[in-house]
$ cat structure_4.txt   # compact mmCIF, C-alpha atoms and all ligand atoms
# COMPACT_ATOMS: atom_id res chain seq x y z
CA MET F 1 84.18 -11.52 127.94
CA LYS F 2 84.16 -8.96 125.24
CA LYS F 3 81.35 -10.79 123.53
CA VAL F 4 79.34 -10.84 126.70
CA ILE F 5 79.73 -7.12 127.12
CA ILE F 6 78.73 -6.50 123.56
CA TYR F 7 75.72 -8.73 124.01
CA VAL F 8 74.68 -6.90 127.13
CA LEU F 9 75.18 -3.58 125.44
CA MET F 10 72.90 -4.67 122.68
CA SER F 11 70.28 -6.24 124.85
CA PHE F 12 68.34 -3.21 125.69
CA SER F 13 64.91 -3.74 126.90
CA LEU F 14 62.09 -1.68 128.13
CA VAL F 15 59.36 -2.69 130.42
CA GLY F 16 56.69 -1.91 128.08
CA CYS F 17 58.18 1.39 128.17
CA SER F 18 58.19 3.36 125.11
CA LEU F 19 61.30 3.73 123.18
CA ASP F 20 60.34 6.31 120.75
CA PRO F 21 62.94 7.04 118.10
CA SER F 22 61.87 10.62 118.08
CA ASN F 23 62.83 11.28 121.63
CA ALA F 24 64.61 8.32 123.03
CA GLU F 25 67.49 6.98 121.07
CA LYS F 26 69.26 3.79 121.78
CA GLU F 27 71.87 5.71 123.59
CA GLN F 28 73.77 4.43 126.54
CA PRO F 29 73.37 6.27 129.78
CA GLU F 30 76.34 8.50 130.19
CA GLU F 31 77.32 7.56 133.66
CA THR F 32 75.68 4.27 134.36
CA PRO F 33 77.87 1.25 134.04
CA VAL F 34 76.51 -1.53 131.90
CA SER F 35 75.94 -3.79 134.86
CA SER F 36 73.55 -1.38 136.47
CA GLN F 37 71.62 -0.27 133.48
CA VAL F 38 67.94 -0.05 133.98
CA SER F 39 65.06 -0.73 131.76
CA GLY F 40 64.20 2.85 131.35
CA ASP F 41 60.53 2.84 131.77
CA GLU F 42 59.21 5.69 129.71
CA VAL F 43 62.26 7.73 130.34
CA GLU F 44 62.75 10.78 128.30
CA LYS F 45 66.39 10.15 128.31
CA GLU F 46 66.59 6.50 127.59
CA GLU F 47 67.99 4.29 130.33
CA PRO F 48 68.12 0.97 128.58
CA ALA F 49 68.27 -2.29 130.42
CA SER F 50 69.98 -5.49 129.82
CA SER F 51 67.18 -7.92 129.78
CA VAL F 52 67.48 -11.45 130.91
CA PRO F 53 65.14 -13.53 128.84
CA GLN F 54 63.02 -15.93 130.75
CA ASN F 55 63.76 -19.32 129.43
CA ASP F 56 61.93 -21.60 131.75
CA SER F 57 58.77 -22.96 130.36
CA GLU F 58 57.26 -23.72 133.73
CA ASP F 59 55.52 -20.40 133.71
CA GLU F 60 52.86 -21.86 131.56
CA SER F 61 52.12 -24.88 133.64
CA SER F 62 48.40 -24.95 133.79
CA GLU F 63 48.33 -26.54 137.21
CA GLN F 64 50.09 -23.81 139.02
CA SER F 65 47.35 -21.30 139.28
CA GLU F 66 43.78 -20.90 138.40
CA GLN F 67 44.83 -17.89 136.42
CA THR F 68 46.39 -20.11 133.82
CA ASN F 69 43.49 -22.41 133.24
CA ASP F 70 41.97 -20.55 130.38
CA ASP F 71 45.00 -18.68 129.22
CA VAL F 72 45.57 -18.99 125.52
CA VAL F 73 48.95 -20.41 124.65
CA ALA F 74 50.38 -19.42 121.29
CA ARG F 75 52.74 -21.51 119.19
CA ASP F 76 55.72 -19.50 120.25
CA GLY F 77 54.93 -20.29 123.86
CA THR F 78 53.58 -16.89 124.74
CA VAL F 79 50.39 -16.81 126.70
CA THR F 80 47.53 -14.38 126.38
CA VAL F 81 46.15 -13.90 129.86
CA ASN F 82 42.48 -14.52 130.47
CA ASN F 83 42.18 -12.18 133.43
CA PRO F 84 43.44 -8.80 132.25
CA GLU F 85 41.09 -6.95 134.58
CA SER F 86 42.17 -8.88 137.67
CA LEU F 87 44.19 -7.00 140.27
CA ASN F 88 46.51 -9.98 140.36
CA VAL F 89 47.10 -10.40 136.65
CA VAL F 90 50.70 -11.32 135.90
CA VAL F 91 51.98 -9.69 132.73
CA ASN F 92 55.48 -10.17 131.41
CA LYS F 93 57.34 -11.02 128.23
CA GLU F 94 55.67 -14.42 128.08
CA ARG F 95 52.27 -13.43 129.42
CA LYS F 96 50.57 -10.88 127.21
CA LEU F 97 47.47 -8.83 127.62
CA PRO F 98 44.83 -9.12 124.90
CA SER F 99 45.30 -6.47 122.22
CA ASN F 100 41.80 -5.15 122.81
CA TYR F 101 42.14 -4.81 126.56
CA ILE F 102 41.54 -1.28 127.76
CA PRO F 103 40.73 -0.82 131.45
CA GLU F 104 37.26 0.66 131.86
CA ASP F 105 37.86 2.72 134.94
CA LEU F 106 40.90 4.80 134.08
CA THR F 107 41.23 8.04 135.95
CA VAL F 108 43.94 10.56 136.74
CA PRO F 109 45.17 10.29 140.33
CA ASP F 110 45.37 13.55 142.21
CA VAL F 111 49.12 13.51 142.74
CA PRO F 112 51.98 15.65 141.45
CA PHE F 113 53.22 14.69 138.00
CA SER F 114 56.48 15.41 136.29
CA PHE F 115 54.57 17.25 133.55
CA SER F 116 51.47 19.39 133.62
CA GLU F 117 49.42 18.73 130.50
CA PHE F 118 46.97 15.85 130.28
CA ALA F 119 48.34 12.69 128.78
CA PRO F 120 46.88 9.19 128.78
CA LYS F 121 49.88 8.05 130.78
CA LYS F 122 48.65 10.05 133.74
CA GLN F 123 45.89 7.52 134.19
CA MET F 124 45.48 4.48 136.36
CA ARG F 125 42.54 2.31 137.21
CA LYS F 126 40.33 3.84 139.85
CA GLU F 127 41.26 1.64 142.79
CA ALA F 128 44.96 1.93 142.02
CA ALA F 129 44.66 5.69 141.57
CA GLN F 130 43.05 6.08 144.99
CA ALA F 131 45.71 3.92 146.57
CA LEU F 132 48.39 5.98 144.87
CA GLU F 133 46.89 9.15 146.31
CA GLU F 134 47.04 7.64 149.79
CA LEU F 135 50.61 6.57 149.26
CA PHE F 136 51.63 10.02 148.05
CA THR F 137 49.90 11.68 151.01
CA ALA F 138 51.72 9.42 153.44
CA ALA F 139 55.05 10.07 151.75
CA GLN F 140 54.42 13.77 151.87
CA GLN F 141 53.65 13.55 155.58
CA ASP F 142 57.05 11.96 156.01
CA GLY F 143 58.58 14.95 154.27
CA LEU F 144 59.17 13.24 150.95
CA ASP F 145 58.66 14.51 147.49
CA LEU F 146 57.32 11.86 145.15
CA VAL F 147 56.34 12.66 141.59
CA ALA F 148 54.38 10.43 139.24
CA ALA F 149 55.82 10.01 135.77
CA SER F 150 54.01 7.34 133.79
CA GLY F 151 51.02 5.10 134.31
CA TYR F 152 48.65 3.65 131.75
CA ARG F 153 49.89 2.98 128.26
CA SER F 154 47.59 1.53 125.63
CA TYR F 155 48.28 -1.48 123.47
CA ASP F 156 48.00 0.75 120.42
CA ARG F 157 50.49 3.25 121.74
CA GLN F 158 52.94 0.48 122.53
CA LYS F 159 52.36 -1.00 119.08
CA GLN F 160 52.94 2.34 117.45
CA ILE F 161 56.25 2.70 119.22
CA TYR F 162 57.28 -0.88 118.53
CA ASP F 163 56.31 -0.69 114.85
CA ARG F 164 58.11 2.58 114.36
CA ASN F 165 61.21 1.09 115.88
CA VAL F 166 60.90 -1.90 113.56
CA ASP F 167 60.76 0.49 110.60
CA VAL F 168 63.87 2.25 111.75
CA TYR F 169 65.95 -0.55 113.24
CA GLY F 170 64.48 -3.80 111.94
CA LYS F 171 62.66 -6.41 113.96
CA GLU F 172 65.63 -8.26 115.32
CA GLU F 173 67.27 -5.15 116.69
CA THR F 174 64.00 -3.71 117.93
CA ASP F 175 63.25 -6.78 120.03
CA LYS F 176 66.39 -6.09 121.97
CA PHE F 177 65.24 -2.79 123.33
CA SER F 178 61.55 -2.18 122.71
CA ALA F 179 58.72 -4.04 124.42
CA ARG F 180 56.27 -5.83 122.18
CA PRO F 181 52.72 -4.65 122.43
CA GLY F 182 50.75 -6.52 125.05
CA THR F 183 53.75 -7.29 127.21
CA SER F 184 53.81 -4.05 129.16
CA GLU F 185 52.38 -4.02 132.64
CA HIS F 186 51.49 -0.39 132.02
CA GLN F 187 48.63 -1.56 129.81
CA THR F 188 46.90 -2.95 132.92
CA GLY F 189 46.40 0.52 134.35
CA LEU F 190 47.80 -0.84 137.59
CA ALA F 191 51.36 0.43 137.23
CA MET F 192 52.89 3.82 137.85
CA ASP F 193 56.47 4.91 137.51
CA VAL F 194 57.41 7.41 140.18
CA THR F 195 60.41 9.59 140.65
CA SER F 196 61.40 12.82 142.40
CA ALA F 197 62.77 16.27 141.82
CA GLN F 198 66.06 15.08 143.24
CA MET F 199 66.21 12.60 140.36
CA ALA F 200 65.41 15.42 137.94
CA PHE F 201 62.28 13.33 137.26
CA LYS F 202 64.27 10.61 135.58
CA LEU F 203 63.79 6.92 136.06
CA ASN F 204 67.07 5.54 137.17
CA GLN F 205 68.23 2.81 139.52
CA SER F 206 69.88 5.36 141.75
CA PHE F 207 66.36 6.38 142.77
CA GLY F 208 66.41 3.32 145.03
CA LYS F 209 69.07 4.94 147.17
CA THR F 210 67.25 8.22 147.65
CA ASP F 211 64.99 8.86 150.63
CA GLU F 212 61.98 8.54 148.35
CA GLY F 213 63.16 5.26 146.87
CA GLU F 214 63.96 3.80 150.28
CA TRP F 215 60.62 4.90 151.64
CA LEU F 216 58.81 3.24 148.76
CA ALA F 217 60.67 -0.02 149.21
CA GLU F 218 59.64 -0.02 152.83
CA HIS F 219 56.10 1.33 152.66
CA ALA F 220 54.59 0.82 149.21
CA HIS F 221 53.00 -2.46 150.29
CA GLU F 222 51.04 -0.65 153.01
CA TYR F 223 49.08 0.99 150.20
CA GLY F 224 48.67 -2.07 148.02
CA PHE F 225 51.70 -1.65 145.79
CA VAL F 226 54.71 -3.80 145.13
CA ILE F 227 58.05 -2.82 143.69
CA ARG F 228 57.55 -5.04 140.69
CA TYR F 229 61.13 -5.51 139.58
CA ILE F 230 63.21 -6.15 142.63
CA LYS F 231 66.95 -6.59 142.82
CA GLY F 232 68.34 -9.94 141.81
CA SER F 233 65.17 -11.20 140.15
CA GLU F 234 66.08 -10.50 136.56
CA ASP F 235 65.91 -14.15 135.63
CA ILE F 236 62.37 -14.38 136.96
CA THR F 237 60.77 -11.12 135.94
CA GLY F 238 62.80 -10.61 132.77
CA TYR F 239 63.77 -7.13 133.86
CA THR F 240 66.45 -5.52 135.91
CA TYR F 241 65.84 -3.72 139.17
CA GLU F 242 63.36 -0.87 138.84
CA PRO F 243 62.88 0.94 142.14
CA TRP F 244 60.46 3.34 140.44
CA HIS F 245 57.94 0.94 138.95
CA LEU F 246 54.99 0.46 141.29
CA ARG F 247 52.37 -2.15 140.60
CA TYR F 248 49.06 -2.22 142.40
CA VAL F 249 47.82 -5.61 143.59
CA GLY F 250 45.78 -4.63 146.64
CA LYS F 251 46.90 -4.52 150.25
CA GLN F 252 46.59 -8.17 151.14
CA TYR F 253 48.71 -9.41 148.26
CA SER F 254 51.17 -6.56 148.44
CA THR F 255 51.82 -7.28 152.10
CA ASP F 256 52.26 -10.99 151.51
CA VAL F 257 54.54 -10.37 148.54
CA TYR F 258 56.56 -7.88 150.57
CA GLU F 259 56.90 -10.12 153.60
CA GLN F 260 57.80 -13.17 151.56
CA GLU F 261 60.17 -11.13 149.39
CA LEU F 262 58.84 -12.68 146.22
CA THR F 263 58.26 -11.57 142.68
CA LEU F 264 54.69 -11.67 141.39
CA GLU F 265 55.71 -14.53 139.13
CA GLU F 266 56.69 -16.60 142.17
CA PHE F 267 53.85 -15.44 144.36
CA PHE F 268 51.17 -16.27 141.83
CA GLY F 269 52.76 -19.56 140.88
CA PHE F 270 54.22 -18.80 137.47
CA HIS F 271 57.74 -19.49 138.57
CA PRO F 272 59.19 -21.83 141.15
CA VAL F 273 60.08 -19.95 144.32
CA SER F 274 63.80 -19.32 144.43
CA GLU F 275 65.87 -20.23 147.43
ZN ZN F 301 57.19 1.16 134.56
$ encode --input "structure_4.txt" --output "C-alpha cells"
Amino acid sequence: MKKVIIYVLMSFSLVGCSLDPSNAEKEQPEETPVSSQVSGDEVEKEEPASSVPQNDSEDESSEQSEQTNDDVVARDGTVTVNNPESLNVVVNKERKLPSNYIPEDLTVPDVPFSFSEFAPKKQMRKEAAQALEELFTAAQQDGLDLVAASGYRSYDRQKQIYDRNVDVYGKEETDKFSARPGTSEHQTGLAMDVTSAQMAFKLNQSFGKTDEGEWLAEHAHEYGFVIRYIKGSEDITGYTYEPWHLRYVGKQYSTDVYEQELTLEEFFGFHPVSE
C-alpha cells in the first residue's frame, strides 16, 4: 500500500500543461488528498495529477477510424496524427501533434480572463473562440461568472518547459509530471481551461462542484464543447477528472459525446467503449 501511495505521489502529470520550475514546483496541493489530485492544467500553483498510463495498444488500430489511416506510428508506439487541423482530432499521450503544427486562425476570444496582459495562451482557433464567447454569454445570462485561464500553447513553449524540467529533474522524473511536447491538447487551439473568481482563478477539481462547474458539465455541449477529462475515465484519457478543461469539437459531436457519456477516445474509435 505504501508503495502504491508513493508511486501515486510521484506520478504527477500535466495535460500538456506547463510545469515551469520557475513558478510551479512539484509541490503537493496543500489540502487535496492524493486520490483527488488533478492534473493542474497551467495552474500557477501546481495541482499535479496522478496519471494513469494508457497501456492498451488498440488505440492505434488502423481500422477503427479514418483518422488513423495515415497516422505515422513511431517505434515506441506513439502516433503522430495526420489531421491536426481537424475539429475532431484526438490528441493524448499516445497521439501527438506534429511539432510544426501551429493553428492558422488563432484569435483571442472576447471573454474575461484571469489576467489582463496579452499572452499566447489567451488564443483559440477562430471557430472555437466564437463558440466560447457564446458559451460565456449564456453562462453570464444565468448569473454565472466564468473566467478563461489558458488556451493555446505552442509546441515550442511546451518543449521549452519540458526541456527545462529535464535539465532540473532528469528525464525519468520529468516524465512523471510534465507533458511531452506534442501531447498537449492545448496545442490544437481548441482547448480552454476555465475557472471562476470563487476558485480564486485556480484549476482544481473542486471547480466541478461550483455553480459554474455544474453549469459547464450540463451546458458546454450546447456550444460545441466537451469536458474532455470526465470522471472515471482516467484509464482511457490518461488523465484524471478536469472539470475546467473544455475542448471544442463542434455542436454535433459535442452533443453526441455528451449524450452517450463517452470520452473522445471512445467516441472517435481509439478505445473500445467501456460498459
Ligand atoms: Zn487544459
$ closest_atom_pairs --input "structure_4.txt" --of "stretch 197-246 of chain F" --to "stretch 113-135 of chain F" --cutoff "12 Å" --atoms "all atoms listed in the file" --output "JSON lines"
{"residue": "F:Ala197", "atom": "CA", "partner": "F:Ser114", "partner_atom": "CA", "distance": 8.4}
{"residue": "F:Gln198", "atom": "CA", "partner": "F:Ser114", "partner_atom": "CA", "distance": 11.8}
{"residue": "F:Met199", "atom": "CA", "partner": "F:Ser114", "partner_atom": "CA", "distance": 10.9}
{"residue": "F:Ala200", "atom": "CA", "partner": "F:Ser114", "partner_atom": "CA", "distance": 9.1}
{"residue": "F:Phe201", "atom": "CA", "partner": "F:Ser114", "partner_atom": "CA", "distance": 6.2}
{"residue": "F:Lys202", "atom": "CA", "partner": "F:Ser114", "partner_atom": "CA", "distance": 9.2}
{"residue": "F:Leu203", "atom": "CA", "partner": "F:Ser114", "partner_atom": "CA", "distance": 11.2}
{"residue": "F:Glu212", "atom": "CA", "partner": "F:Leu135", "partner_atom": "CA", "distance": 11.6}
{"residue": "F:Trp215", "atom": "CA", "partner": "F:Leu135", "partner_atom": "CA", "distance": 10.4}
{"residue": "F:Leu216", "atom": "CA", "partner": "F:Leu135", "partner_atom": "CA", "distance": 8.9}
{"residue": "F:Glu218", "atom": "CA", "partner": "F:Leu135", "partner_atom": "CA", "distance": 11.7}
{"residue": "F:His219", "atom": "CA", "partner": "F:Leu135", "partner_atom": "CA", "distance": 8.3}
{"residue": "F:Ala220", "atom": "CA", "partner": "F:Leu135", "partner_atom": "CA", "distance": 7.0}
{"residue": "F:His221", "atom": "CA", "partner": "F:Leu135", "partner_atom": "CA", "distance": 9.4}
{"residue": "F:Glu222", "atom": "CA", "partner": "F:Leu135", "partner_atom": "CA", "distance": 8.1}
{"residue": "F:Tyr223", "atom": "CA", "partner": "F:Ala131", "partner_atom": "CA", "distance": 5.8}
{"residue": "F:Gly224", "atom": "CA", "partner": "F:Ala131", "partner_atom": "CA", "distance": 6.8}
{"residue": "F:Phe225", "atom": "CA", "partner": "F:Ala131", "partner_atom": "CA", "distance": 8.2}
{"residue": "F:Val226", "atom": "CA", "partner": "F:Leu132", "partner_atom": "CA", "distance": 11.6}
{"residue": "F:Leu246", "atom": "CA", "partner": "F:Leu132", "partner_atom": "CA", "distance": 9.3}
$ closest_residue --input "structure_4.txt" --among "F:Glu172, F:Glu214, F:Asp193, F:Asp256" --to "ligand ZN 301 (chain F)" --atoms "only C-alpha atoms and all ligand atoms"
F:Asp193
$ closest_atom_pairs --input "structure_4.txt" --of "stretch 69-169 of chain F" --to "stretch 241-245 of chain F" --cutoff "10 Å" --atoms "all atoms listed in the file" --output "JSON lines"
{"residue": "F:Ala148", "atom": "CA", "partner": "F:Trp244", "partner_atom": "CA", "distance": 9.4}
{"residue": "F:Ala149", "atom": "CA", "partner": "F:Trp244", "partner_atom": "CA", "distance": 9.4}
{"residue": "F:Ser150", "atom": "CA", "partner": "F:His245", "partner_atom": "CA", "distance": 9.1}
{"residue": "F:Gly151", "atom": "CA", "partner": "F:His245", "partner_atom": "CA", "distance": 9.3}
$ residues_around --input "structure_4.txt" --residues "F:Pro103" --least-positions-apart "5" --cutoff "10 Å" --atoms "all atoms listed in the file" --output "JSON, numbers by chain"
{"F": [84, 85, 124, 125, 126, 152, 154, 187, 188, 189, 190]}
$ write_last_selection --input "structure_4.txt" --atoms "C-alpha atoms" --output "compact mmCIF listing (two decimals), in the frame of the given file"
# COMPACT_ATOMS: atom_id res chain seq x y z
CA PRO F 84 43.44 -8.80 132.25
CA GLU F 85 41.09 -6.95 134.58
CA MET F 124 45.48 4.48 136.36
CA ARG F 125 42.54 2.31 137.21
CA LYS F 126 40.33 3.84 139.85
CA TYR F 152 48.65 3.65 131.75
CA SER F 154 47.59 1.53 125.63
CA GLN F 187 48.63 -1.56 129.81
CA THR F 188 46.90 -2.95 132.92
CA GLY F 189 46.40 0.52 134.35
CA LEU F 190 47.80 -0.84 137.59
$ closest_residue --input "structure_4.txt" --among "F:Leu97, F:Val194, F:Val273, F:Leu106" --to "ligand ZN 301 (chain F)" --atoms "only C-alpha atoms and all ligand atoms"
F:Val194
$ closest_residue --input "structure_4.txt" --among "F:Ser184, F:Ser99, F:Asn83, F:Asn88" --to "ligand ZN 301 (chain F)" --atoms "only C-alpha atoms and all ligand atoms"
F:Ser184
